[in-house]
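Peer 1: Provided below: structure-v2.cif, containing mmCIF, C-alpha atoms.
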```cif
data_data
#
loop_
_atom_site.label_atom_id
_atom_site.label_comp_id
_atom_site.auth_asym_id
_atom_site.auth_seq_id
_atom_site.Cartn_x
_atom_site.Cartn_y
_atom_site.Cartn_z
CA MET M 1 75.58 109.72 67.53
CA SER M 2 75.86 112.80 69.76
CA PHE M 3 74.66 113.08 73.36
CA LEU M 4 76.52 116.32 74.10
CA PRO M 5 74.55 119.57 73.62
CA ASN M 6 77.70 121.63 72.95
CA GLN M 7 80.69 119.35 72.61
CA PRO M 8 83.86 120.95 74.01
CA LYS M 9 87.08 120.77 72.03
CA GLY M 10 89.14 117.67 72.85
CA ILE M 11 86.22 115.66 74.18
CA ALA M 12 85.40 112.29 72.64
CA GLY M 13 82.90 112.72 69.81
CA GLY M 14 80.47 110.53 67.95
CA LYS M 15 83.18 108.63 66.06
CA ASP M 16 84.96 107.76 69.31
CA ILE M 17 81.72 106.57 70.88
CA LEU M 18 80.69 104.51 67.86
CA GLY M 19 84.17 103.03 67.56
CA TYR M 20 84.32 102.13 71.23
CA VAL M 21 80.78 100.72 71.23
CA GLY M 22 81.55 98.66 68.14
CA ALA M 23 84.82 97.36 69.59
CA ASN M 24 83.17 96.41 72.88
CA ILE M 25 80.32 94.68 71.07
CA PHE M 26 82.89 92.64 69.18
CA TYR M 27 84.95 92.08 72.34
CA LYS M 28 81.97 90.86 74.36
CA LEU M 29 80.12 88.94 71.68
CA SER M 30 83.29 87.04 70.86
CA PHE M 31 83.39 85.96 74.49
CA TYR M 32 79.78 84.77 74.30
CA LEU M 33 80.65 82.92 71.11
CA LEU M 34 83.30 81.08 73.12
CA ILE M 35 80.67 80.21 75.74
CA ILE M 36 78.42 78.81 73.02
CA TRP M 37 81.30 76.71 71.68
CA MET M 38 82.11 75.42 75.18
CA ALA M 39 78.46 74.58 75.76
CA LYS M 40 78.36 72.55 72.54
CA PHE M 41 81.80 70.91 72.79
CA LEU M 42 82.08 70.44 76.57
CA GLY M 43 78.47 70.31 77.90
CA LYS M 44 76.59 71.88 80.79
CA ILE M 45 78.73 70.55 83.61
CA GLU M 46 82.02 71.78 82.14
CA LEU M 47 80.38 75.12 81.29
CA GLY M 48 79.22 75.45 84.88
CA LYS M 49 82.73 74.60 86.08
CA TYR M 50 84.09 77.33 83.78
CA PHE M 51 81.73 79.93 85.29
CA PHE M 52 82.68 78.80 88.81
CA LEU M 53 86.43 78.91 88.15
CA ILE M 54 86.32 82.47 86.81
CA SER M 55 83.83 83.61 89.47
CA LEU M 56 85.79 82.47 92.54
CA PRO M 57 89.02 84.42 91.82
CA GLY M 58 86.87 87.25 90.48
CA ILE M 59 85.54 87.81 94.00
CA PHE M 60 89.05 88.56 95.30
CA LEU M 61 90.70 90.30 92.31
CA PRO M 62 88.89 93.63 92.85
CA PHE M 63 91.09 94.10 95.92
CA SER M 64 94.09 94.39 93.57
CA GLU M 65 92.58 97.42 91.82
CA LEU M 66 90.67 99.26 94.58
CA GLY M 67 88.98 101.64 92.13
CA ILE M 68 92.28 103.31 91.26
CA ASN M 69 91.66 103.02 87.51
CA THR M 70 88.48 105.11 87.63
CA LEU M 71 90.13 107.64 89.92
CA LEU M 72 93.01 107.95 87.44
CA THR M 73 90.61 108.57 84.57
CA ARG M 74 88.73 111.27 86.43
CA GLU M 75 91.78 113.09 87.75
CA ILE M 76 93.63 113.01 84.41
CA ALA M 77 90.49 114.30 82.67
CA ARG M 78 90.29 117.21 85.11
CA ASN M 79 93.99 118.05 85.06
CA GLN M 80 96.28 116.41 82.48
CA ALA M 81 99.45 117.08 84.44
CA ASP M 82 102.56 114.92 84.50
CA MET M 83 101.23 111.53 85.59
CA GLU M 84 104.47 109.54 85.29
CA GLU M 85 105.09 109.16 89.03
CA ILE M 86 101.51 108.33 90.02
CA VAL M 87 101.01 105.85 87.14
CA SER M 88 104.29 104.06 87.86
CA THR M 89 103.45 103.93 91.57
CA VAL M 90 99.97 102.58 90.87
CA LEU M 91 101.35 99.84 88.61
CA GLY M 92 103.89 98.79 91.23
CA PHE M 93 101.22 98.76 93.92
CA ARG M 94 98.81 96.76 91.78
CA LEU M 95 101.45 94.19 90.84
CA MET M 96 102.28 93.67 94.51
CA LEU M 97 98.62 93.15 95.45
CA ILE M 98 98.03 90.78 92.52
CA LEU M 99 100.93 88.55 93.59
CA ILE M 100 99.66 88.45 97.19
CA LEU M 101 96.12 87.62 96.13
CA TYR M 102 97.30 85.01 93.63
CA ALA M 103 99.28 83.21 96.32
CA GLY M 104 96.30 83.42 98.69
CA ILE M 105 93.89 81.91 96.17
CA GLY M 106 96.31 79.02 95.55
CA ILE M 107 96.69 78.29 99.26
CA ILE M 108 92.93 78.36 99.85
CA SER M 109 92.33 75.99 96.95
CA LEU M 110 95.10 73.64 98.11
CA LEU M 111 93.58 73.43 101.58
CA PHE M 112 89.91 73.08 100.67
CA HIS M 113 89.60 71.99 97.02
CA PRO M 114 92.94 70.60 95.75
CA ASP M 115 91.34 68.78 92.80
CA ILE M 116 90.66 72.08 90.99
CA LEU M 117 93.99 73.72 91.91
CA PRO M 118 95.59 73.61 88.39
CA LEU M 119 92.50 75.08 86.71
CA LEU M 120 91.99 77.66 89.44
CA LEU M 121 95.61 78.83 89.24
CA LEU M 122 95.30 79.22 85.47
CA SER M 123 92.03 81.15 85.68
CA SER M 124 93.39 83.38 88.46
CA LEU M 125 96.53 84.13 86.45
CA PHE M 126 94.86 85.18 83.21
CA LEU M 127 92.24 87.23 85.11
CA SER M 128 95.06 88.97 87.03
CA LEU M 129 96.89 89.89 83.82
CA GLU M 130 93.68 91.25 82.26
CA SER M 131 93.05 93.27 85.42
CA LEU M 132 96.53 94.79 85.25
CA TYR M 133 95.92 95.83 81.63
CA PHE M 134 92.87 97.88 82.67
CA THR M 135 95.17 100.46 84.29
CA PHE M 136 96.54 101.17 80.83
CA GLY M 137 92.98 101.23 79.50
CA ALA M 138 92.08 103.90 82.07
CA ILE M 139 95.00 106.04 80.85
CA PHE M 140 93.94 105.62 77.20
CA ILE M 141 90.39 106.77 77.97
CA ALA M 142 91.50 109.73 80.11
CA PHE M 143 93.81 111.01 77.35
CA GLN M 144 91.12 110.34 74.72
CA ARG M 145 93.27 107.71 72.96
CA ILE M 146 90.19 105.59 72.34
CA LYS M 147 91.82 103.94 69.32
CA TYR M 148 94.44 102.40 71.63
CA ASN M 149 91.75 100.67 73.68
CA ILE M 150 90.03 99.53 70.50
CA PHE M 151 93.25 98.09 69.08
CA CYS M 152 94.09 96.17 72.25
CA GLY M 153 90.58 94.78 72.65
CA VAL M 154 90.09 93.69 69.07
CA LEU M 155 93.55 92.14 68.78
CA SER M 156 93.13 90.09 71.97
CA ARG M 157 89.64 88.90 71.04
CA VAL M 158 90.69 87.77 67.55
CA CYS M 159 93.58 85.82 69.05
CA LEU M 160 91.30 84.24 71.65
CA ILE M 161 88.64 83.21 69.14
CA LEU M 162 91.17 81.51 66.91
CA SER M 163 93.00 79.84 69.78
CA VAL M 164 89.97 78.46 71.64
CA TYR M 165 88.25 77.29 68.47
CA MET M 166 91.34 75.33 67.44
CA VAL M 167 91.63 73.84 70.94
CA LEU M 168 87.99 72.73 71.10
CA LYS M 169 87.93 71.49 67.52
CA SER M 170 90.98 69.32 68.20
CA GLY M 171 89.35 67.74 71.28
CA GLY M 172 90.89 69.96 73.98
CA ARG M 173 89.36 70.23 77.43
CA LEU M 174 88.84 73.04 79.91
CA PHE M 175 92.53 73.09 80.91
CA HIS M 176 93.53 73.85 77.31
CA VAL M 177 90.86 76.56 77.04
CA PHE M 178 92.38 78.27 80.09
CA LEU M 179 95.84 78.02 78.53
CA SER M 180 94.46 79.88 75.52
CA HIS M 181 93.06 82.58 77.80
CA LEU M 182 96.46 82.93 79.49
CA SER M 183 98.32 83.32 76.20
CA VAL M 184 95.93 86.03 75.02
CA ALA M 185 96.09 87.85 78.38
CA LEU M 186 99.88 88.11 77.93
CA ILE M 187 99.36 89.57 74.45
CA LEU M 188 96.80 92.06 75.83
CA LEU M 189 99.06 93.23 78.67
CA GLY M 190 102.12 93.49 76.42
CA THR M 191 100.25 95.57 73.86
CA GLY M 192 98.86 97.85 76.57
CA TRP M 193 102.35 98.37 78.01
CA TRP M 194 103.77 99.23 74.59
CA LEU M 195 101.03 101.76 73.79
CA GLY M 196 100.94 103.16 77.32
CA ARG M 197 104.58 104.15 77.13
CA LYS M 198 103.71 106.33 74.13
CA ILE M 199 101.59 108.51 76.46
CA VAL M 200 103.28 108.38 79.87
CA PRO M 201 106.83 107.16 80.65
CA ILE M 202 106.24 104.12 82.85
CA LYS M 203 108.31 102.31 85.44
CA PHE M 204 107.28 100.05 88.30
CA ARG M 205 107.88 101.86 91.57
CA LYS M 206 107.43 100.82 95.17
CA PRO M 207 104.47 102.83 96.52
CA PRO M 208 105.41 105.27 99.31
CA ARG M 209 103.30 104.93 102.43
CA GLN M 210 101.56 108.30 102.14
CA VAL M 211 100.81 107.80 98.44
CA PHE M 212 99.28 104.42 99.25
CA ILE M 213 97.09 105.94 101.97
CA ASN M 214 95.88 108.73 99.69
CA LEU M 215 95.19 106.37 96.81
CA PHE M 216 93.29 103.97 99.03
CA ARG M 217 91.16 106.70 100.64
CA ASN M 218 90.23 108.42 97.38
CA SER M 219 89.74 105.34 95.21
CA LEU M 220 87.83 103.08 97.62
CA PRO M 221 84.36 104.42 96.68
CA PHE M 222 85.16 103.85 93.00
CA ALA M 223 86.27 100.30 93.82
CA ILE M 224 82.94 99.57 95.47
CA ILE M 225 80.98 101.07 92.56
CA ALA M 226 82.98 99.16 89.93
CA TYR M 227 83.14 95.75 91.54
CA ILE M 228 80.17 95.23 93.80
CA PRO M 229 77.87 94.61 90.77
CA LEU M 230 80.41 92.07 89.45
CA ILE M 231 80.62 90.44 92.86
CA TYR M 232 76.81 90.09 92.84
CA TYR M 233 77.03 87.71 89.87
CA ARG M 234 80.07 85.88 91.17
CA ILE M 235 78.45 85.32 94.55
CA ASP M 236 75.37 84.05 92.70
CA SER M 237 77.53 81.52 90.85
CA VAL M 238 79.38 80.37 93.96
CA MET M 239 76.22 80.03 96.09
CA LEU M 240 74.35 78.21 93.31
CA THR M 241 77.24 75.77 92.93
CA LEU M 242 77.43 75.12 96.68
CA PHE M 243 73.69 74.51 97.02
CA HIS M 244 72.82 72.84 93.69
CA GLY M 245 75.98 71.98 91.73
CA PHE M 246 77.48 73.05 88.43
CA LYS M 247 74.39 72.36 86.28
CA GLU M 248 72.24 75.08 87.87
CA THR M 249 75.18 77.47 87.73
CA GLY M 250 75.51 76.79 84.00
CA ILE M 251 71.80 77.45 83.41
CA TYR M 252 71.82 80.77 85.26
CA GLY M 253 75.18 81.83 83.81
CA ALA M 254 74.04 81.10 80.24
CA GLY M 255 71.04 83.40 80.68
CA PHE M 256 72.85 86.10 82.62
CA LYS M 257 75.62 86.37 80.03
CA ILE M 258 73.08 87.18 77.31
CA ARG M 259 71.68 90.01 79.41
CA GLU M 260 75.21 91.19 80.12
CA ALA M 261 75.84 91.36 76.37
CA SER M 262 72.80 93.62 75.94
CA LEU M 263 74.38 96.21 78.27
CA LEU M 264 77.30 96.86 75.92
CA LEU M 265 75.75 99.99 74.42
CA PRO M 266 75.00 101.97 77.61
CA GLN M 267 78.21 100.85 79.31
CA SER M 268 80.40 101.75 76.33
CA ILE M 269 78.74 105.15 75.94
CA MET M 270 79.24 105.99 79.61
CA ILE M 271 82.88 104.85 79.61
CA VAL M 272 83.70 107.14 76.69
CA LEU M 273 81.71 110.07 78.13
CA PHE M 274 83.04 109.70 81.68
CA PRO M 275 86.05 112.03 81.10
CA PHE M 276 83.61 114.66 79.73
CA ILE M 277 81.32 114.28 82.75
CA SER M 278 84.30 114.52 85.11
CA ALA M 279 85.75 117.58 83.39
CA SER M 280 82.33 119.31 83.29
CA TYR M 281 81.30 118.59 86.88
CA LYS M 282 80.94 122.34 87.57
CA GLU M 283 78.87 122.99 84.43
CA LYS M 284 75.62 121.69 85.83
CA PRO M 285 73.22 122.89 83.10
CA LEU M 286 75.38 121.14 80.48
CA LEU M 287 75.40 117.88 82.44
CA ASN M 288 71.65 118.05 83.03
CA LYS M 289 71.04 118.46 79.29
CA THR M 290 73.46 115.63 78.48
CA PHE M 291 71.70 113.30 80.92
CA LYS M 292 68.32 114.00 79.31
CA ASN M 293 69.72 113.39 75.82
CA ILE M 294 71.14 110.01 76.85
CA THR M 295 67.97 108.84 78.58
CA LYS M 296 65.79 109.82 75.61
CA SER M 297 68.07 107.90 73.26
CA LEU M 298 68.44 104.73 75.34
CA LEU M 299 64.86 104.25 76.59
CA PRO M 300 63.32 103.05 73.27
CA PHE M 301 66.25 100.72 72.63
CA SER M 302 66.07 99.16 76.10
CA LEU M 303 62.31 98.61 75.83
CA PHE M 304 62.71 97.03 72.39
CA LEU M 305 65.34 94.59 73.66
CA SER M 306 63.33 93.74 76.77
CA LEU M 307 60.10 92.98 74.90
CA SER M 308 61.88 91.11 72.10
CA VAL M 309 63.51 88.67 74.51
CA ILE M 310 60.34 88.25 76.59
CA PHE M 311 58.37 87.23 73.49
CA PHE M 312 61.10 85.38 71.56
CA GLY M 313 63.34 84.06 74.33
CA ASP M 314 62.78 80.38 73.46
CA GLN M 315 63.85 80.90 69.87
CA LEU M 316 66.85 82.96 70.93
CA VAL M 317 68.11 80.33 73.39
CA SER M 318 67.54 77.55 70.88
CA PHE M 319 69.51 79.46 68.24
CA ILE M 320 72.41 80.38 70.54
CA TYR M 321 72.84 77.30 72.73
CA GLY M 322 70.71 74.59 71.10
CA ARG M 323 67.38 73.03 72.14
CA GLU M 324 68.96 71.08 74.99
CA PHE M 325 69.41 74.46 76.76
CA LEU M 326 65.74 75.51 76.53
CA ASP M 327 65.49 75.55 80.33
CA VAL M 328 67.61 78.73 80.11
CA ALA M 329 64.76 80.57 78.32
CA LYS M 330 62.66 81.07 81.46
CA ILE M 331 65.67 82.53 83.27
CA LEU M 332 66.45 84.79 80.32
CA LYS M 333 62.92 86.21 80.02
CA LEU M 334 62.82 87.10 83.70
CA LEU M 335 66.26 88.74 83.58
CA PHE M 336 65.24 90.92 80.62
CA SER M 337 62.04 92.11 82.33
CA THR M 338 64.02 94.79 84.22
CA LEU M 339 66.44 95.65 81.41
CA PRO M 340 65.38 99.34 81.05
CA PHE M 341 66.13 99.87 84.75
CA VAL M 342 69.53 98.18 84.38
CA PHE M 343 70.34 100.46 81.43
CA PHE M 344 69.67 103.56 83.49
CA ASN M 345 71.55 102.22 86.49
CA SER M 346 74.70 102.39 84.31
CA VAL M 347 73.90 105.96 83.26
CA LEU M 348 73.05 107.16 86.77
CA LEU M 349 76.15 105.62 88.32
CA SER M 350 78.42 107.34 85.78
CA PHE M 351 76.86 110.75 86.29
CA LEU M 352 76.84 110.50 90.08
CA LYS M 353 80.45 109.37 90.42
CA GLY M 354 81.60 111.90 87.81
CA THR M 355 80.00 114.74 89.80
CA GLY M 356 81.57 113.80 93.14
CA ASN M 357 78.79 111.59 94.54
CA GLU M 358 80.78 108.35 94.47
CA THR M 359 80.66 107.84 98.25
CA LYS M 360 76.86 107.84 98.28
CA CYS M 361 76.78 105.34 95.43
CA ALA M 362 79.27 103.11 97.23
CA VAL M 363 77.17 103.08 100.40
CA LEU M 364 74.07 102.14 98.41
CA LEU M 365 75.83 99.26 96.66
CA LEU M 366 77.23 97.91 99.93
CA PHE M 367 73.77 97.98 101.47
CA LEU M 368 72.34 96.14 98.45
CA LEU M 369 75.13 93.56 98.63
CA GLY M 370 73.95 92.61 102.11
CA LEU M 371 70.39 92.43 100.81
CA LYS M 372 71.54 90.27 97.88
CA LEU M 373 73.26 87.77 100.19
CA PHE M 374 70.19 87.58 102.42
CA LEU M 375 67.81 87.01 99.50
CA ASN M 376 70.11 84.38 97.97
CA TYR M 377 70.30 82.53 101.27
CA LEU M 378 66.50 82.47 101.48
CA LEU M 379 65.67 81.74 97.84
CA ILE M 380 68.45 79.55 96.37
CA PRO M 381 67.82 76.38 98.46
CA PRO M 382 64.12 76.02 97.46
CA LEU M 383 64.18 77.65 93.99
CA ALA M 384 67.73 77.08 92.66
CA SER M 385 68.44 79.33 89.65
CA LEU M 386 64.97 80.90 89.83
CA GLY M 387 65.81 82.03 93.35
CA VAL M 388 68.92 83.82 92.11
CA VAL M 389 66.92 85.49 89.34
CA THR M 390 64.35 86.73 91.86
CA SER M 391 67.04 88.30 94.04
CA THR M 392 68.71 89.84 90.97
CA LEU M 393 65.48 91.50 89.81
CA ALA M 394 64.82 92.86 93.30
CA ILE M 395 68.30 94.43 93.40
CA ASP M 396 67.85 95.91 89.89
CA LEU M 397 64.71 97.77 90.95
CA ALA M 398 66.04 98.81 94.36
CA LEU M 399 69.24 100.21 92.86
CA PHE M 400 67.36 102.21 90.22
CA THR M 401 65.03 103.71 92.84
CA LEU M 402 67.87 104.79 95.12
CA LEU M 403 70.13 106.14 92.37
CA PHE M 404 67.33 108.12 90.74
CA TYR M 405 66.41 109.60 94.12
CA HIS M 406 69.97 110.85 94.62
CA TRP M 407 70.17 112.20 91.06
CA GLU M 408 66.94 114.15 91.64
CA ARG M 409 68.40 115.59 94.83
CA TRP M 410 71.54 116.63 92.91
CA GLU M 411 69.40 118.40 90.32
CA LYS M 412 67.42 120.26 92.98
CA ARG M 413 70.61 121.37 94.72
CA SER M 414 71.81 122.56 91.33
CA GLY M 415 68.77 124.75 90.87
CA HIS M 416 67.22 122.65 88.07
CA PRO M 417 63.61 121.48 88.24
#
```
Take the structure from the file and write it as C-alpha cells.
Peer 2:
Amino acid sequence: MSFLPNQPKGIAGGKDILGYVGANIFYKLSFYLLIIWMAKFLGKIELGKYFFLISLPGIFLPFSELGINTLLTREIARNQADMEEIVSTVLGFRLMLILILYAGIGIISLLFHPDILPLLLLSSLFLSLESLYFTFGAIFIAFQRIKYNIFCGVLSRVCLILSVYMVLKSGGRLFHVFLSHLSVALILLGTGWWLGRKIVPIKFRKPPRQVFINLFRNSLPFAIIAYIPLIYYRIDSVMLTLFHGFKETGIYGAGFKIREASLLLPQSIMIVLFPFISASYKEKPLLNKTFKNITKSLLPFSLFLSLSVIFFGDQLVSFIYGREFLDVAKILKLLFSTLPFVFFNSVLLSFLKGTGNETKCAVLLLFLLGLKLFLNYLLIPPLASLGVVTSTLAIDLALFTLLFYHWERWEKRSGHP
C-alpha cells in the first residue's frame, strides 16, 4: 500500500501504514466487541448509561489536551530538535489540567446527579489516563516509531478484552466494567511512559507562563479540529438522554459506533501520513499528487461499505447485536448513506492542517457545532434518535462542501489546476 509518489527517506512506508491500520482495526473492533457483550449481558438501558457516562466527561476532557499533541507531531516532524524541555512541560501542564477537570466533573455530579457519582468518577479517571497517554502516542508517530504505538494499543486491548469478558461472564455490572477500563488505562499509560523515555528524556515540569501562552495560541486550532467532531457525538448522546432517556441513546450509539468502526482505514492512513504531509508542506506538487492517490484508493472502498450496509443493514445488526436490536438498522443505514463524504472529511482535514490551514478548519468546525446544536434542539424532541441522525447527515455534507472548497482554493494558490 503506497500513497506517496516518491517516498522520502525516513518517512513511514507501506509496512508502517498497514501495521498501524491493522492495529487500529484490532484496537477499535475489540472495543465494539465489548459493546456487543455489554448489550447482551447488561441490556439496552445499561448500554445507554455506559454511552452517557463516557460522553459526559468526554465533553470536558479535550480542554486538558488543547490540540498540543497534534502540534507536537507536526513540529517534531518538521524539525526533530531536542524536545526534552517542551515534552516535559507539556506533560506537566496536561497533568495539572486533568486534575482540575477531574475535580470539576466530580463536583458537578455531586451537586446535580449524585446517584451516578461513583460511575462518573471511574469513567472520568480512565478516560483521563488514556488522554494523557496520547501525548506519548504523538511523540511515537512524529519520530516514526509506529511499532511503539502498535505495541501499546494491542497490549491494552488484549488486557481489556480478557478483563471485561471475565467480569461480565461472572455476573459483574457496569461498575466492574469501569474498573476493568481503569486497570487497563494504567497499563497503557505505564507502557507509554516506559517507551517514551527511550526517545526523549522525560520529567514533569511546571509550565512557565510564556511557554503556556505560546502552546495555547499555537495548539488551539488543532484542539478544535481534533475534538469538535468528538463533541458532536457526545452532545448527541447527552441531548438524547435528557429528552428521551437512555434507551434512545443506546439505539443511536449502537448504530453510530458501527459507522465509527468503518472509519478506521482513512483515519489510520492519515495519522501515519501526517508527519509526511507536515514535513512536505512546501512541496506542493508532491502533496497534490499524494492527495489524488489517496482519494482514488479510498473512493471505491467507501462506496462499497456504504452500499453494503444500506442493503444488508438488518442482517448486520442482527448478527452483531441480536434481533432485539433491529430498531438500530434504520439508524445505521441512514448513517452510512454519507460515508464517502465522511471518509474524505478525514483526508481533507489532515491535508489542510498539515499545510498550515488549521485556523480555517477550526473556524468551520466551530460554526458547524453551533448548527449541530440548533438542529438537535429542533429535531430531537419530535424525532428522537432519527432527529440526531438527520442533524449528523446535514453536518457531514456541510463539512465536506466547505473543506473541499478550501482545498480547491489552496490548489489554485499553489498554481495547480
Peer 1: Would you compute the distance between atom CA of M:Ala138 and atom CA of M:Lys296? Give it in Å to one decimal.
Peer 2: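 Here the two named atoms are 27.7 Å from each other.
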Peer 1: Please report the interatomic distance between atom CA of M:Gly313 and atom CA of M:Lys330 in Å with one decimal.
Peer 2: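 Distance between the two atoms: 7.8 Å.
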Peer 1: What is the atom CA of M:Pro221-atom CA of M:Leu369 distance in Å, reported with one decimal?
Peer 2: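 Computing it gives 14.4 Å between the two atoms.
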Peer 1: Please provide as a PyMOL selection string all residues within 8 Å of M:Ser180, with the sequence filter that same-chain residues fewer than 3 positions apart are discarded (counting all atoms listed in the file).
Peer 2: chain M and resi 160+163-164+176-177+183-184
Peer 1: Check which residues of stretch 221-256 of chain M sit at most 7 Å from stretch 44-65 of chain M using only C-alpha atoms, and return one row each with the closest pair of atoms and their distance in Å to one decimal, ordered by chain and rising number, as a tab-separated table.
Peer 2:
```
residue	atom	partner	partner_atom	distance
M:Tyr227	CA	M:Pro62	CA	6.3
M:Ile231	CA	M:Ile59	CA	5.7
M:Arg234	CA	M:Ser55	CA	4.7
M:Ser237	CA	M:Phe52	CA	6.2
M:Val238	CA	M:Phe52	CA	6.3
M:Phe246	CA	M:Gly48	CA	4.6
M:Lys247	CA	M:Ile45	CA	5.4
M:Thr249	CA	M:Gly48	CA	5.3
M:Gly250	CA	M:Gly48	CA	4.0
M:Gly253	CA	M:Phe51	CA	7.0
```
Peer 1: I'd like to see the residues matched by the PyMOL selection byres ((chain M and resi 240) around 9) on this file, and ideally I'd get them as a PyMOL selection string.
Peer 2: chain M and resi 235-239+241-246+248-249+252+376+380-381+384-385+388
Peer 1: Take the residues just selected and output them with C-alpha atoms as a compact mmCIF listing (two decimals), in the frame of the given file.
Peer 2:
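See part_17.txt below for the written result:
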```txt
# COMPACT_ATOMS: atom_id res chain seq x y z
CA ILE M 235 78.45 85.32 94.55
CA ASP M 236 75.37 84.05 92.70
CA SER M 237 77.53 81.52 90.85
CA VAL M 238 79.38 80.37 93.96
CA MET M 239 76.22 80.03 96.09
CA THR M 241 77.24 75.77 92.93
CA LEU M 242 77.43 75.12 96.68
CA PHE M 243 73.69 74.51 97.02
CA HIS M 244 72.82 72.84 93.69
CA GLY M 245 75.98 71.98 91.73
CA PHE M 246 77.48 73.05 88.43
CA GLU M 248 72.24 75.08 87.87
CA THR M 249 75.18 77.47 87.73
CA TYR M 252 71.82 80.77 85.26
CA ASN M 376 70.11 84.38 97.97
CA ILE M 380 68.45 79.55 96.37
CA PRO M 381 67.82 76.38 98.46
CA ALA M 384 67.73 77.08 92.66
CA SER M 385 68.44 79.33 89.65
CA VAL M 388 68.92 83.82 92.11
```
Peer 1: Applying 9 Å and only C-alpha atoms, which residues near M:Ile68 remain after dropping the ones on its own chain fewer than 3 positions away? List them as a PyMOL selection string.
Peer 2: chain M and resi 65+71-73+90+135+215-216+218-220+222-223
Peer 1: Restricting the calculation to only C-alpha atoms, which member of M:Leu386, M:Leu189, M:Leu332, M:Val317 is positioned closest to M:Asn149?
Peer 2: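 Counting only C-alpha atoms, the residue closest to M:Asn149 is M:Leu189.
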